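Note sheet for the following structure.
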Amino acid sequence: MSRLHLHLLSDSTGETLEMVAKAALAQFEDTDVVRHFWPMVRSRQHLDRIMTDIAANPGLVLFTLVNSETRTRLEEHCRALGLPSVPALDAVTDALEDVLGQEAKGKPGRQHLMDDAYFERVEAIQFTIAHDDGVAWEDWEEADIVLAGVSRSSKTPTSIYLANRGYKVANIPVVVESPPPSALFGLRRPLIVGLTTAPERLIQVRRNRLLSLNQAPETAYVDIEKVNREVQFARRMFADNGWPVIDVTRRSIEETAAAVINLLNERHAAGEPAPGAKPL
């Protein structure tokens with residue numbers, strides 16, 4: 001298996017370019033890829049310094065550079081070295097120019113402007129952190145989404161991911177011995193979603209959690225009968241209240257969040273009030 005050096009150059013934070021590269025690489029197995037990440041490339045001098053490393057580690061160059069002078073110099077360097085260079089967003093930008101009938105602004109980092117949407121995301125993150133694990137239930141009516149589920153069913157990471165998309169999220173653990181606040185069952189504005197998972201998978205996750213905390217891995221927390229009762233209790237609660245349910249057993253956090261957003265969109269399409277999507 002040969003090694004590939006993948007050089008990622010961006011004139012902004014490089015977040016978009018990293019996601020593009022990650023998504024593309026996920027389609028290949030048994031690859032040995034060394035990533036070289038170069039964000040905030042905005043000057044000729046900076047680019048020239050980077051080219052020294054690229055020349056020493058030749059490979060594929062992916063870039064998102066909107067400054068024509070900088071990108072032209074990069075392409076010239078790559079041609080001189082015999083290296084392929086790919087502008088990751090050109091095809092999409094060109095298509096948008098054709099459809100919209102206007103030229104792209106050509107300014108780096110425009111997706112990171114501190115506009116109203118940016119501050120809404122900050123507010124959503126603050127709200128979500130303050131309403132984790134059943135805290136501050138008095139404010140749940142202000143939430144866009146409420147996630148309910150047994151312990152270690154990915155409520156918190158899913159909440160944080162959704163908050164980064166601009167949604168205010170609260171989450172509540174479902175515990176057999178401690179029923180949730182009655183306020184949960186009277187909420188009108190938030191979309192309440194139940195998260196469930198296979199008991200066997202839940203036990204595995206919980207056992208790994210105990211080990212990471214240097215605690216005994218064999219407790220009631222991972223007892224198969226107790227876990228089965230917990231999961232059944234949660235599912236019965238979800239069904240009794242007519243809440244949509246997402247099985248997270250084989251879903252990544254991103255996939256679970258996408259499913260929640262789809263439920264929000266369906267709710268909105270059905271004529272019910274729902275917060276608008278706030279993409280990054």
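Every chain in the structure tokens has a letter given in the order shown (A, B, ...), and although residue numbers restart at 1 in each chain, ligands are simply numbered from 1 in the order shown.
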For segment 35-51 of chain A, find every residue with an atom within 12 Å (counting only C-alpha atoms), except residues of its own chain fewer than 2 positions away, and show them as a ChimeraX atom specification. /A:3-18,21-22,25,31-33,53-81,83,107-109
What parts of segment 43-144 of chain A does DSSP call strand (DSSP E or B)? I'd like the answer as an MDAnalysis selection string. chainID A and resid 60:64 85:87
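Picture a line from atom CA of His131 of chain A to atom CA of Arg236 of chain A; it runs 24.1 Å.
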Restricting the calculation to only C-alpha atoms, which member of A:Glu225, A:Glu29, A:Glu103, A:Asp139 is positioned closest to Arg189 of chain A?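 Ranking A:Glu225, A:Glu29, A:Glu103, A:Asp139 by distance to Arg189 of chain A, first place goes to A:Asp139.
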Pick from A:Met19, A:Val245, A:Leu89, A:Val176, whichever lies nearest to Val260 of chain A using only C-alpha atoms: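 Checking each candidate against Val260 of chain A, we get A:Val245 as the closest.
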